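The file run-v4.cif contains mmCIF, C-alpha atoms and all ligand atoms:
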data_work
loop_
_atom_site.label_atom_id
_atom_site.label_comp_id
_atom_site.auth_asym_id
_atom_site.auth_seq_id
_atom_site.Cartn_x
_atom_site.Cartn_y
_atom_site.Cartn_z
CA MET A 281 2.60 -20.42 -3.61
CA ASN A 282 0.10 -21.25 -0.91
CA PHE A 283 -3.52 -21.90 -1.85
CA THR A 284 -6.86 -21.53 -0.10
CA ARG A 285 -9.14 -24.55 0.11
CA PHE A 286 -11.47 -23.04 -2.52
CA THR A 287 -11.78 -23.85 -6.19
CA LEU A 288 -13.12 -21.35 -8.73
CA ALA A 289 -13.77 -22.34 -12.34
CA GLY A 290 -11.74 -25.50 -11.81
CA GLN A 291 -8.67 -23.71 -10.43
CA SER A 292 -7.42 -23.63 -6.87
CA LEU A 293 -7.71 -20.11 -5.49
CA ALA A 294 -4.21 -18.97 -4.48
CA SER A 295 -3.54 -17.13 -1.23
CA LEU A 296 -2.78 -14.14 -3.45
CA SER A 297 -5.24 -12.66 -5.96
CA ILE A 298 -4.63 -9.91 -8.49
CA GLY A 299 -6.36 -6.60 -7.78
CA CYS A 300 -6.62 -4.71 -11.06
CA MET A 301 -7.42 -1.18 -9.91
CA ARG A 302 -4.09 0.59 -9.43
CA TRP A 303 -2.12 -0.08 -12.62
CA PRO A 304 -0.29 2.92 -14.03
CA SER A 305 -0.36 1.59 -17.63
CA ARG A 306 -1.30 -1.22 -20.01
CA GLU A 307 2.33 -2.42 -19.85
CA ALA A 308 2.30 -2.58 -16.05
CA ALA A 309 -0.90 -4.63 -16.16
CA ALA A 310 0.73 -7.21 -18.44
CA GLU A 311 3.87 -7.27 -16.27
CA VAL A 312 1.92 -7.94 -13.06
CA ILE A 313 -0.30 -10.59 -14.64
CA ASN A 314 2.59 -12.43 -16.31
CA THR A 315 4.73 -12.31 -13.16
CA CYS A 316 1.95 -13.77 -11.03
CA ALA A 317 0.64 -16.47 -13.37
CA PRO A 318 3.63 -18.88 -13.20
CA HIS A 319 3.08 -19.01 -9.41
CA GLY A 320 -0.56 -20.09 -9.81
CA VAL A 321 -1.83 -16.60 -8.95
CA THR A 322 -4.53 -16.32 -11.57
CA TYR A 323 -7.63 -14.69 -10.04
CA LEU A 324 -8.16 -11.31 -11.74
CA ASP A 325 -10.50 -8.86 -10.01
CA THR A 326 -11.61 -6.35 -12.65
CA SER A 327 -14.33 -3.70 -12.93
CA PRO A 328 -15.45 -1.45 -15.79
CA ALA A 329 -14.28 1.64 -13.86
CA TYR A 330 -10.78 0.59 -12.82
CA CYS A 331 -8.02 2.59 -14.57
CA PHE A 332 -10.70 4.03 -16.87
CA GLN A 333 -9.34 6.52 -19.39
CA THR A 334 -11.50 5.73 -22.43
CA PRO A 335 -13.72 2.79 -23.48
CA GLU A 336 -10.58 1.33 -25.11
CA GLU A 337 -8.06 2.14 -22.34
CA ASN A 338 -9.10 0.68 -19.00
CA THR A 339 -8.48 -2.31 -16.76
CA GLU A 340 -10.81 -4.65 -18.65
CA CYS A 341 -9.14 -3.91 -22.02
CA TRP A 342 -5.65 -4.18 -20.48
CA VAL A 343 -6.49 -7.55 -18.91
CA GLY A 344 -7.96 -8.68 -22.24
CA ALA A 345 -4.71 -7.82 -24.02
CA ALA A 346 -2.57 -9.49 -21.33
CA ILE A 347 -4.47 -12.79 -21.27
CA ALA A 348 -5.04 -13.09 -25.04
CA GLY A 349 -3.84 -16.52 -26.12
CA GLN A 350 -3.68 -17.81 -22.54
CA ARG A 351 -7.22 -17.13 -21.29
CA GLU A 352 -7.70 -20.60 -19.77
CA ARG A 353 -4.86 -20.00 -17.29
CA PHE A 354 -6.90 -17.30 -15.53
CA VAL A 355 -9.98 -16.93 -13.39
CA VAL A 356 -11.55 -13.78 -14.80
CA SER A 357 -13.87 -11.84 -12.52
CA ALA A 358 -15.95 -8.84 -13.62
CA LYS A 359 -18.62 -6.83 -11.84
CA CYS A 360 -21.09 -4.00 -11.84
CA ALA A 361 -22.91 -2.09 -9.11
CA VAL A 362 -26.56 -1.46 -8.32
CA GLY A 363 -25.33 1.57 -6.37
CA GLY A 364 -23.56 4.65 -7.61
CA GLY A 365 -20.33 3.88 -5.72
CA GLY A 366 -21.63 5.19 -2.39
CA ASN A 367 -24.58 4.14 -0.26
CA GLU A 368 -27.30 4.94 -2.79
CA ILE A 369 -28.39 4.28 -6.33
CA GLY A 370 -27.09 7.07 -8.53
CA GLU A 371 -27.29 7.95 -12.20
CA TYR A 372 -27.17 5.06 -14.70
CA ASN A 373 -23.54 4.85 -15.84
CA PRO A 374 -22.87 1.74 -17.95
CA GLU A 375 -19.45 2.94 -19.14
CA ARG A 376 -18.13 2.56 -15.59
CA GLY A 377 -20.63 0.02 -14.28
CA PHE A 378 -22.58 2.04 -11.71
CA SER A 379 -26.32 2.20 -10.95
CA ILE A 380 -27.16 -0.91 -12.97
CA THR A 381 -30.60 -1.80 -11.68
CA THR A 382 -32.50 -3.86 -14.27
CA ALA A 383 -31.93 -7.34 -15.67
CA ASP A 384 -31.54 -5.90 -19.19
CA GLN A 385 -28.96 -3.38 -18.01
CA VAL A 386 -26.96 -6.14 -16.29
CA ARG A 387 -27.00 -8.21 -19.44
CA GLY A 388 -25.60 -5.19 -21.31
CA MET A 389 -22.86 -4.90 -18.70
CA ILE A 390 -21.93 -8.57 -18.98
CA ASP A 391 -21.70 -8.24 -22.77
CA GLN A 392 -19.58 -5.09 -22.44
CA SER A 393 -17.18 -6.75 -19.96
CA MET A 394 -16.82 -9.85 -22.14
CA ARG A 395 -16.13 -7.62 -25.17
CA ARG A 396 -13.53 -5.50 -23.39
CA LEU A 397 -11.90 -8.57 -21.80
CA GLY A 398 -11.96 -10.49 -25.09
CA VAL A 399 -13.58 -13.57 -23.53
CA ASP A 400 -16.69 -15.61 -24.31
CA HIS A 401 -17.57 -16.25 -20.67
CA LEU A 402 -16.79 -14.82 -17.24
CA ASP A 403 -15.59 -17.12 -14.49
CA CYS A 404 -17.04 -14.85 -11.81
CA TYR A 405 -19.53 -12.01 -11.89
CA GLN A 406 -20.02 -9.88 -8.82
CA LEU A 407 -22.47 -7.46 -7.30
CA TRP A 408 -20.03 -4.62 -6.74
CA ALA A 409 -19.67 -1.94 -4.05
CA VAL A 410 -22.50 -3.06 -1.78
CA HIS A 411 -21.82 -0.50 0.92
CA ALA A 412 -25.37 -0.33 2.33
CA PRO A 413 -28.04 -2.97 3.06
CA ALA A 414 -30.50 -1.13 0.77
CA LEU A 415 -28.26 -1.85 -2.23
CA PHE A 416 -28.28 -5.57 -1.50
CA ASP A 417 -32.09 -5.43 -1.23
CA ALA A 418 -32.32 -3.47 -4.49
CA ALA A 419 -30.43 -6.21 -6.33
CA HIS A 420 -33.25 -8.63 -5.46
CA ARG A 421 -36.07 -6.58 -6.99
CA PRO A 422 -38.17 -8.40 -9.62
CA GLY A 423 -36.61 -7.78 -13.03
CA GLY A 424 -33.47 -6.49 -11.30
CA TRP A 425 -29.75 -7.20 -11.00
CA LEU A 426 -29.91 -10.72 -9.61
CA GLU A 427 -32.51 -11.88 -12.10
CA GLY A 428 -30.30 -10.70 -14.97
CA VAL A 429 -27.19 -12.38 -13.58
CA LEU A 430 -28.95 -15.69 -12.88
CA ALA A 431 -30.27 -15.69 -16.47
CA ALA A 432 -26.74 -15.09 -17.77
CA ARG A 433 -25.48 -17.98 -15.64
CA ASP A 434 -28.21 -20.22 -17.08
CA GLU A 435 -26.96 -19.22 -20.55
CA GLY A 436 -23.44 -20.34 -19.61
CA LEU A 437 -21.95 -16.83 -19.66
CA ILE A 438 -21.04 -16.87 -15.96
CA THR A 439 -19.71 -19.65 -13.72
CA HIS A 440 -19.77 -18.16 -10.19
CA ILE A 441 -21.63 -15.24 -8.65
CA GLY A 442 -20.12 -13.09 -5.91
CA ILE A 443 -20.48 -9.88 -3.98
CA THR A 444 -18.11 -7.13 -2.85
CA GLY A 445 -18.51 -4.19 -0.49
CA HIS A 446 -17.74 -2.55 2.83
CA ALA A 447 -20.47 -4.32 4.79
CA ASP A 448 -20.35 -5.05 8.50
CA GLY A 449 -20.46 -8.54 10.00
CA ASP A 450 -24.26 -8.76 10.24
CA GLU A 451 -24.67 -7.76 6.62
CA ILE A 452 -22.04 -10.26 5.48
CA ARG A 453 -24.02 -12.98 7.28
CA ARG A 454 -27.11 -11.85 5.37
CA TRP A 455 -25.17 -12.21 2.11
CA VAL A 456 -24.15 -15.73 3.09
CA ASP A 457 -27.70 -16.69 4.06
CA SER A 458 -29.09 -15.43 0.73
CA GLY A 459 -27.95 -18.72 -0.80
CA TRP A 460 -26.71 -17.38 -4.16
CA VAL A 461 -23.36 -15.91 -3.11
CA GLU A 462 -20.28 -18.04 -3.93
CA ILE A 463 -17.48 -15.49 -3.39
CA ILE A 464 -17.21 -12.58 -0.97
CA THR A 465 -14.68 -9.74 -1.19
CA VAL A 466 -14.54 -7.36 1.78
CA PRO A 467 -11.90 -5.14 3.44
CA PHE A 468 -9.75 -7.06 5.90
CA ASN A 469 -6.26 -6.74 7.28
CA ILE A 470 -4.38 -7.15 10.54
CA MET A 471 -5.26 -3.55 11.49
CA ASN A 472 -8.93 -4.03 10.66
CA THR A 473 -10.19 -7.43 11.83
CA GLY A 474 -13.79 -6.63 12.81
CA ARG A 475 -15.26 -8.70 9.96
CA LEU A 476 -13.29 -11.87 10.73
CA GLU A 477 -16.08 -13.79 12.45
CA ALA A 478 -18.50 -13.16 9.58
CA MET A 479 -15.82 -14.04 7.04
CA GLN A 480 -15.25 -17.30 8.90
CA TYR A 481 -19.01 -17.92 8.78
CA ALA A 482 -18.86 -17.46 5.01
CA MET A 483 -15.96 -19.91 4.66
CA ASP A 484 -17.77 -22.43 6.89
CA ASN A 485 -20.57 -22.20 4.32
CA ASP A 486 -18.12 -22.98 1.50
CA ILE A 487 -17.96 -19.43 0.23
CA ALA A 488 -14.54 -18.29 -0.99
CA VAL A 489 -13.40 -15.16 0.82
CA ILE A 490 -11.05 -12.55 -0.63
CA ALA A 491 -9.59 -9.72 1.44
CA MET A 492 -9.40 -6.30 -0.16
CA ASN A 493 -6.81 -3.97 1.34
CA PRO A 494 -4.65 -6.70 2.96
CA LEU A 495 -1.82 -4.16 3.38
CA ALA A 496 -4.17 -1.43 4.64
CA GLY A 497 -3.84 0.59 1.46
CA GLY A 498 -0.04 0.16 1.43
CA PHE A 499 0.29 1.36 5.05
CA LEU A 500 1.78 -2.01 6.01
CA GLY A 501 4.02 -2.11 2.95
CA ALA A 502 6.63 0.08 4.66
CA ALA A 503 9.72 -1.31 6.36
CA SER A 504 9.59 -1.65 10.15
CA GLY A 505 12.70 -2.72 12.04
CA PRO A 506 10.93 -2.77 15.44
CA LEU A 507 8.12 -4.97 14.17
CA ALA A 508 10.44 -7.55 12.58
CA GLU A 509 12.57 -7.56 15.73
CA LYS A 510 9.62 -8.07 18.08
CA MET A 511 8.16 -10.91 16.00
CA ALA A 512 11.39 -12.56 14.86
CA ASP A 513 10.56 -15.68 16.89
CA MET A 514 7.71 -16.37 14.41
CA GLY A 515 9.89 -15.69 11.37
CA VAL A 516 8.29 -12.33 10.55
CA SER A 517 10.62 -10.30 8.34
CA SER A 518 8.58 -7.14 7.69
CA ALA A 519 5.18 -5.51 8.19
CA ALA A 520 4.11 -6.66 4.73
CA ASP A 521 5.23 -10.21 5.46
CA LEU A 522 3.18 -10.26 8.66
CA ALA A 523 0.13 -8.67 7.02
CA LEU A 524 0.00 -10.94 3.96
CA ARG A 525 0.75 -14.20 5.75
CA TYR A 526 -1.73 -13.28 8.52
CA VAL A 527 -4.55 -13.09 5.94
CA ALA A 528 -3.46 -16.22 4.09
CA SER A 529 -3.02 -18.26 7.28
CA LEU A 530 -6.70 -17.68 8.03
CA GLY A 531 -7.67 -19.35 4.72
CA ILE A 532 -8.39 -16.05 2.95
CA SER A 533 -6.96 -14.91 -0.39
CA ALA A 534 -5.22 -11.50 -0.21
CA LEU A 535 -6.20 -9.21 -3.07
CA GLY A 536 -2.92 -7.47 -3.87
CA GLY A 537 -3.14 -4.14 -5.70
CA MET A 538 0.26 -4.73 -7.30
CA THR A 539 1.45 -2.04 -9.71
CA SER A 540 4.71 -3.51 -11.03
CA ALA A 541 6.56 -6.77 -11.62
CA PHE A 542 8.70 -5.89 -8.58
CA GLU A 543 5.68 -5.75 -6.27
CA ALA A 544 4.26 -8.92 -7.83
CA GLU A 545 7.57 -10.71 -7.17
CA MET A 546 7.59 -9.47 -3.57
CA ASN A 547 4.04 -10.64 -2.89
CA THR A 548 4.39 -14.00 -4.60
CA THR A 549 7.65 -14.64 -2.73
CA THR A 550 6.06 -13.68 0.59
CA LEU A 551 3.05 -15.91 0.09
CA SER A 552 5.17 -18.84 -1.04
CA GLN A 553 6.67 -19.06 2.46
CA PRO A 554 5.17 -21.44 4.99
CA LEU A 555 1.98 -20.15 6.59
CA TRP A 556 1.10 -20.19 10.27
CA SER A 557 -1.76 -22.22 11.70
CA PRO A 558 -4.94 -20.13 12.10
CA GLU A 559 -4.37 -20.15 15.87
CA GLU A 560 -0.81 -18.86 15.45
CA ALA A 561 -2.02 -16.18 13.05
CA LEU A 562 -4.62 -15.02 15.57
CA GLU A 563 -1.94 -14.95 18.27
CA LEU A 564 0.27 -12.82 16.03
CA GLY A 565 -2.66 -10.51 15.37
CA ALA A 566 -3.17 -10.11 19.12
CA ARG A 567 0.54 -9.40 19.60
CA PHE A 568 0.41 -6.79 16.85
CA THR A 569 -2.45 -5.03 18.65
CA GLN A 570 -0.68 -5.26 22.02
CA LEU A 571 2.45 -3.73 20.53
CA ILE A 572 0.50 -0.76 19.18
CA GLU A 573 -1.23 -0.35 22.51
CA SER A 574 2.16 -0.23 24.19
CA ALA A 575 2.99 3.06 22.42
CA PRO A 576 3.83 5.75 24.98
CA HIS A 577 0.65 7.81 25.47
CA PHE A 578 -1.38 5.39 23.33
CA CYS A 579 -4.58 6.97 21.97
CA THR A 580 -7.51 4.54 21.83
CA GLY A 581 -9.41 6.58 19.23
CA CYS A 582 -12.46 6.86 21.50
CA ALA A 583 -13.07 10.46 20.36
CA TYR A 584 -14.31 11.65 23.78
CA CYS A 585 -11.98 14.63 23.35
CA LEU A 586 -13.93 15.98 20.36
CA PRO A 587 -14.76 18.55 19.23
CA CYS A 588 -11.39 20.23 19.30
CA THR A 589 -11.69 24.01 19.60
CA GLU A 590 -9.65 24.26 16.37
CA ASP A 591 -11.51 21.37 14.70
CA LEU A 592 -8.43 19.14 14.65
CA ASP A 593 -9.02 15.43 14.06
CA ILE A 594 -7.30 14.47 17.32
CA PRO A 595 -7.92 10.67 17.11
CA GLY A 596 -6.94 10.65 13.43
CA ILE A 597 -3.62 12.39 14.10
CA LEU A 598 -2.83 10.33 17.20
CA ARG A 599 -3.69 7.07 15.44
CA LEU A 600 -0.86 7.75 12.99
CA ARG A 601 1.37 8.75 15.92
CA ASN A 602 0.64 5.35 17.56
CA TYR A 603 2.07 3.55 14.50
CA HIS A 604 5.00 5.94 14.23
CA LYS A 605 5.98 5.45 17.87
CA THR A 606 5.49 1.67 17.94
CA PHE A 607 6.72 0.50 14.57
CA ASP A 608 8.71 3.45 13.21
CA LEU A 609 6.62 3.13 10.04
CA GLU A 610 7.54 5.62 7.34
CA SER A 611 4.04 5.10 5.92
CA ALA A 612 2.54 6.62 9.08
CA ARG A 613 4.67 9.73 8.68
CA ARG A 614 3.92 9.88 4.94
CA GLU A 615 0.18 9.57 5.54
CA TYR A 616 0.34 12.33 8.17
CA ARG A 617 2.24 14.62 5.79
CA ASP A 618 -0.18 13.88 2.91
CA LYS A 619 -3.24 14.47 5.04
CA SER A 620 -1.90 17.63 6.67
CA ARG A 621 -1.21 19.11 3.24
CA ARG A 622 -4.77 18.51 2.08
CA ASP A 623 -6.82 18.82 5.26
CA GLU A 624 -6.42 21.45 7.96
CA ARG A 625 -7.97 19.04 10.49
CA PHE A 626 -4.63 17.20 10.28
CA GLN A 627 -2.40 20.25 10.83
CA ALA A 628 -1.12 19.58 14.33
CA ASP A 629 0.60 22.99 14.47
CA ARG A 630 -2.86 24.58 14.64
CA CYS A 631 -3.21 23.29 18.21
CA THR A 632 -3.36 26.31 20.54
CA ALA A 633 -2.77 24.20 23.67
CA CYS A 634 -6.10 25.41 25.03
CA GLY A 635 -6.36 22.18 27.08
CA THR A 636 -10.08 21.56 26.42
CA CYS A 637 -9.51 18.06 25.03
CA GLU A 638 -7.14 17.09 27.82
CA GLY A 639 -9.87 17.59 30.40
CA LEU A 640 -12.11 15.17 28.45
CA CYS A 641 -9.62 12.39 27.68
CA PRO A 642 -10.28 9.29 29.83
CA ASN A 643 -6.61 8.36 29.45
CA SER A 644 -5.36 11.76 30.57
CA LEU A 645 -3.28 12.16 27.43
CA PRO A 646 -1.26 15.37 27.20
CA VAL A 647 -2.73 16.04 23.76
CA SER A 648 -1.16 19.45 23.15
CA THR A 649 2.29 18.06 24.00
CA LEU A 650 1.67 15.15 21.62
CA MET A 651 0.65 17.56 18.86
CA ALA A 652 3.96 19.38 19.30
CA GLU A 653 5.74 16.02 19.19
CA VAL A 654 3.95 15.12 15.95
CA MET A 655 5.24 18.36 14.42
CA ARG A 656 8.79 17.58 15.56
CA GLU A 657 8.90 13.92 14.53
CA MET A 658 6.43 13.35 11.70
CA VAL A 659 6.66 16.28 9.29
S1 LIG A 701 -5.42 21.48 23.15
FE1 LIG A 701 -5.12 21.53 20.94
S2 LIG A 701 -6.01 19.63 20.24
FE2 LIG A 701 -6.84 19.98 22.28
S3 LIG A 701 -8.79 21.09 21.97
FE3 LIG A 701 -7.16 22.62 22.28
S4 LIG A 701 -6.51 23.12 20.17
FE4 LIG A 701 -7.62 21.16 20.05
S1 LIG A 702 -10.12 11.13 24.27
FE1 LIG A 702 -7.95 10.65 24.53
S2 LIG A 702 -7.77 8.49 23.95
FE2 LIG A 702 -9.77 9.19 23.22
S3 LIG A 702 -9.39 9.86 21.08
FE3 LIG A 702 -9.13 11.65 22.35
S4 LIG A 702 -6.95 11.74 22.83
FE4 LIG A 702 -7.39 9.67 22.08
#
Write out the structure in this file as structure tokens.
Ligand code: SF4
Ligand code: SF4
Amino acid sequence: MNFTRFTLAGQSLASLSIGCMRWPSREAAAEVINTCAPHGVTYLDTSPAYCFQTPEENTECWVGAAIAGQRERFVVSAKCAVGGGGNEIGEYNPERGFSITTADQVRGMIDQSMRRLGVDHLDCYQLWAVHAPALFDAAHRPGGWLEGVLAARDEGLITHIGITGHADGDEIRRWVDSGWVEIITVPFNIMNTGRLEAMQYAMDNDIAVIAMNPLAGGFLGAASGPLAEKMADMGVSSAADLALRYVASLGISALGGMTSAFEAEMNTTTLSQPLWSPEEALELGARFTQLIESAPHFCTGCAYCLPCTEDLDIPGILRLRNYHKTFDLESARREYRDKSRRDERFQADRCTACGTCEGLCPNSLPVSTLMAEVMREMV
């Protein structure tokens, strides 16, 4: 296994971390954890809401059962949110850890997490789901979230304090400059690199950085013959291989939402291979982008063509077509089929070929022809 340069609770942070939000069962949780641990993959990212069925059946309880008798092998992270899961503070919901705004409420959450996890201290405690600057500000109110967490750290209940959310680069820099953040977890993958500079700023300030969604929600987990072929000179064997080693080569730990021992084996094997230098990883990232842009009739996603007279999500549909044409990714076709079943804005057959969008597209794309192609090749 490769490791980042960061240490949490006395353990080196591996290039792979364990995301605990997608497990189908208690048994699967134990399988994933016990497959990863022998490789040194021991960081467990939990929340009170993940896999929640009842107060006794949820991610925290499943992790507690899996690590019983071997707790010291793991870096256990828990969290709760000032917000309600979106951009605002919602209704107080301690069972699932949302809208926790006072120091007393946070203390209750820490006690609940320790009880469910069966531990007497938490290695990391995180301000969760900070999707808007106002939520970060709210955590700093007198008698609020941060005050409660700092008091718990003084009591020895918490070792490190972190933050997670879908913030942009400027906001991530504000987190870093706050001075109390020791770990940051934000979305990042080879298809979504806009936060990289801010993440680098965090690492330069000795903050451990963890990437949520390293496989773009499983999108990059699909096989791609063309991708492996076009990057064979750098030893890339699959889209997942490229995506995971890209993240790790930049010094970031990839938070894998593994659901079975098989997936845990795949990810640990992938991230035990040699990494690239950061410069090589960036070069591979640039090549990945260039390859997508070389798709015939590449759509840039600029959205100048909107609104469609039939309310189709033209950039959304053509984005998936870009990946289908370039990398022959089954996940692109699957995502198109899933979306078109649920959302009529993704039903390409609703295009009437009125031509309105084509007159607005700066790249002169024959959109109606491409919609017909999507129906032929992607359904
Ligand atoms: S040509 Fe099709 S996609 Fe374009 S505006 Fe008309 S209906 Fe919408
Ligand atoms: S205007 Fe053209 S390039 Fe831009 S999103 Fe629409 S189809 Fe794609």
Quick one: residues within 6 Å of (2.1, 1.3, 6.8) (file frame), counting all atoms listed in the file, please, as an MDAnalysis selection string. chainID A and resid 498:502 609 611:612
Show me a table, sorted first by chain and then by increasing residue number, of the residues of chain A having an atom at most 6 Å from ligand LIG 701 (chain A), each with its shortest atom pair and the distance in Å to one decimal, counting all atoms listed in the file and written as a Markdown table.
| residue | atom | partner | partner_atom | distance |
| --- | --- | --- | --- | --- |
| A:Cys588 | CA | A:LIG701 | S3 | 3.8 |
| A:Thr589 | CA | A:LIG701 | S3 | 4.7 |
| A:Glu590 | CA | A:LIG701 | S4 | 5.1 |
| A:Leu592 | CA | A:LIG701 | FE4 | 5.8 |
| A:Cys631 | CA | A:LIG701 | FE1 | 3.8 |
| A:Thr632 | CA | A:LIG701 | S4 | 4.5 |
| A:Ala633 | CA | A:LIG701 | S1 | 3.8 |
| A:Cys634 | CA | A:LIG701 | FE3 | 4.1 |
| A:Gly635 | CA | A:LIG701 | S1 | 4.1 |
| A:Thr636 | CA | A:LIG701 | S3 | 4.7 |
| A:Cys637 | CA | A:LIG701 | FE2 | 4.3 |
| A:Val647 | CA | A:LIG701 | FE2 | 5.9 |
| A:Ser648 | CA | A:LIG701 | S1 | 4.7 |
Just how far from CA of Ala534 (chain A) is CA of Leu426 (chain A), in Å to one decimal?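 If I compute the distance from CA of Leu426 (chain A) to CA of Ala534 (chain A), I get 26.4 Å.
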Hey, which bits of chain A sit within 10 Å of ligand LIG 702 (chain A), and for each residue what's the closest pair of atoms and how far apart in Å (one decimal), counting all atoms listed in the file, rows by chain and increasing number, as a tab-separated table?
residue	atom	partner	partner_atom	distance
A:His577	CA	A:LIG702	S2	8.6
A:Phe578	CA	A:LIG702	S2	7.1
A:Cys579	CA	A:LIG702	FE4	3.9
A:Thr580	CA	A:LIG702	S2	4.5
A:Gly581	CA	A:LIG702	S3	3.8
A:Cys582	CA	A:LIG702	FE2	4.0
A:Ala583	CA	A:LIG702	S3	3.8
A:Tyr584	CA	A:LIG702	S1	4.3
A:Cys585	CA	A:LIG702	S1	4.1
A:Leu586	CA	A:LIG702	FE3	6.8
A:Pro587	CA	A:LIG702	FE3	9.4
A:Cys588	CA	A:LIG702	FE3	9.4
A:Asp593	CA	A:LIG702	S3	9.0
A:Ile594	CA	A:LIG702	FE3	6.0
A:Pro595	CA	A:LIG702	S3	4.3
A:Gly596	CA	A:LIG702	S3	8.1
A:Ile597	CA	A:LIG702	FE4	9.2
A:Leu598	CA	A:LIG702	FE4	6.7
A:Arg599	CA	A:LIG702	FE4	8.0
A:Cys637	CA	A:LIG702	FE3	7.0
A:Glu638	CA	A:LIG702	FE1	7.3
A:Gly639	CA	A:LIG702	S1	8.9
A:Leu640	CA	A:LIG702	S1	6.1
A:Cys641	CA	A:LIG702	S1	3.7
A:Pro642	CA	A:LIG702	S1	5.9
A:Asn643	CA	A:LIG702	FE1	5.6
A:Ser644	CA	A:LIG702	FE1	6.7
A:Leu645	CA	A:LIG702	FE1	5.7
A:Pro646	CA	A:LIG702	S4	8.0
A:Val647	CA	A:LIG702	S4	6.1
A:Ser648	CA	A:LIG702	S4	9.6
A:Leu650	CA	A:LIG702	S4	9.3
Store the residues of this selection in a file with C-alpha atoms, as a compact mmCIF listing (two decimals), in the frame of the given file.
# COMPACT_ATOMS: atom_id res chain seq x y z
CA HIS A 577 0.65 7.81 25.47
CA PHE A 578 -1.38 5.39 23.33
CA CYS A 579 -4.58 6.97 21.97
CA THR A 580 -7.51 4.54 21.83
CA GLY A 581 -9.41 6.58 19.23
CA CYS A 582 -12.46 6.86 21.50
CA ALA A 583 -13.07 10.46 20.36
CA TYR A 584 -14.31 11.65 23.78
CA CYS A 585 -11.98 14.63 23.35
CA LEU A 586 -13.93 15.98 20.36
CA PRO A 587 -14.76 18.55 19.23
CA CYS A 588 -11.39 20.23 19.30
CA ASP A 593 -9.02 15.43 14.06
CA ILE A 594 -7.30 14.47 17.32
CA PRO A 595 -7.92 10.67 17.11
CA GLY A 596 -6.94 10.65 13.43
CA ILE A 597 -3.62 12.39 14.10
CA LEU A 598 -2.83 10.33 17.20
CA ARG A 599 -3.69 7.07 15.44
CA CYS A 637 -9.51 18.06 25.03
CA GLU A 638 -7.14 17.09 27.82
CA GLY A 639 -9.87 17.59 30.40
CA LEU A 640 -12.11 15.17 28.45
CA CYS A 641 -9.62 12.39 27.68
CA PRO A 642 -10.28 9.29 29.83
CA ASN A 643 -6.61 8.36 29.45
CA SER A 644 -5.36 11.76 30.57
CA LEU A 645 -3.28 12.16 27.43
CA PRO A 646 -1.26 15.37 27.20
CA VAL A 647 -2.73 16.04 23.76
CA SER A 648 -1.16 19.45 23.15
CA LEU A 650 1.67 15.15 21.62
Closest contacts (region 285-330 of chain A/region 458-464 of chain A, max 12 Å, only C-alpha atoms) as CSV:
residue,atom,partner,partner_atom,distance
A:Phe286,CA,A:Ile463,CA,9.7
A:Thr287,CA,A:Ile463,CA,10.5
A:Leu288,CA,A:Ile463,CA,9.0
A:Ala289,CA,A:Glu462,CA,11.5
A:Leu293,CA,A:Ile463,CA,11.0
A:Tyr323,CA,A:Ile463,CA,11.9
A:Asp325,CA,A:Ile463,CA,11.7
Might you pull out every residue within 8 Å of Thr439 (chain A), with all atoms listed in the file counted and same-chain residues fewer than 5 positions away left off, and present them as a ChimeraX atom specification? /A:289,402-405,433
Applying 10 Å and all atoms listed in the file, which residues near Thr549 (chain A) remain after dropping the ones on its own chain fewer than 3 positions away? List them as a VMD selection string. chain A and resid 281 319 521 543 to 546 552 to 553
Reconstructed region 293-301 of chain A, atom set N, CA and C atoms, as a compact mmCIF listing (two decimals), keeping the file's coordinate frame:
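File result.txt, as written:
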# COMPACT_ATOMS: atom_id res chain seq x y z
N LEU A 293 -7.87 -21.55 -5.74
CA LEU A 293 -7.71 -20.11 -5.49
C LEU A 293 -6.45 -19.91 -4.64
N ALA A 294 -5.47 -19.20 -5.20
CA ALA A 294 -4.21 -18.97 -4.48
C ALA A 294 -4.43 -18.04 -3.29
N SER A 295 -3.48 -18.05 -2.38
CA SER A 295 -3.54 -17.13 -1.23
C SER A 295 -3.33 -15.68 -1.65
N LEU A 296 -2.92 -15.48 -2.89
CA LEU A 296 -2.78 -14.14 -3.45
C LEU A 296 -3.67 -14.02 -4.68
N SER A 297 -4.44 -12.94 -4.77
CA SER A 297 -5.24 -12.66 -5.96
C SER A 297 -4.78 -11.34 -6.55
N ILE A 298 -5.14 -11.10 -7.80
CA ILE A 298 -4.63 -9.91 -8.49
C ILE A 298 -5.70 -8.82 -8.52
N GLY A 299 -5.47 -7.77 -7.75
CA GLY A 299 -6.36 -6.60 -7.78
C GLY A 299 -5.97 -5.73 -8.95
N CYS A 300 -6.94 -5.35 -9.77
CA CYS A 300 -6.62 -4.71 -11.06
C CYS A 300 -7.01 -3.23 -11.07
N MET A 301 -6.91 -2.55 -9.93
CA MET A 301 -7.42 -1.18 -9.91
C MET A 301 -6.36 -0.09 -9.84
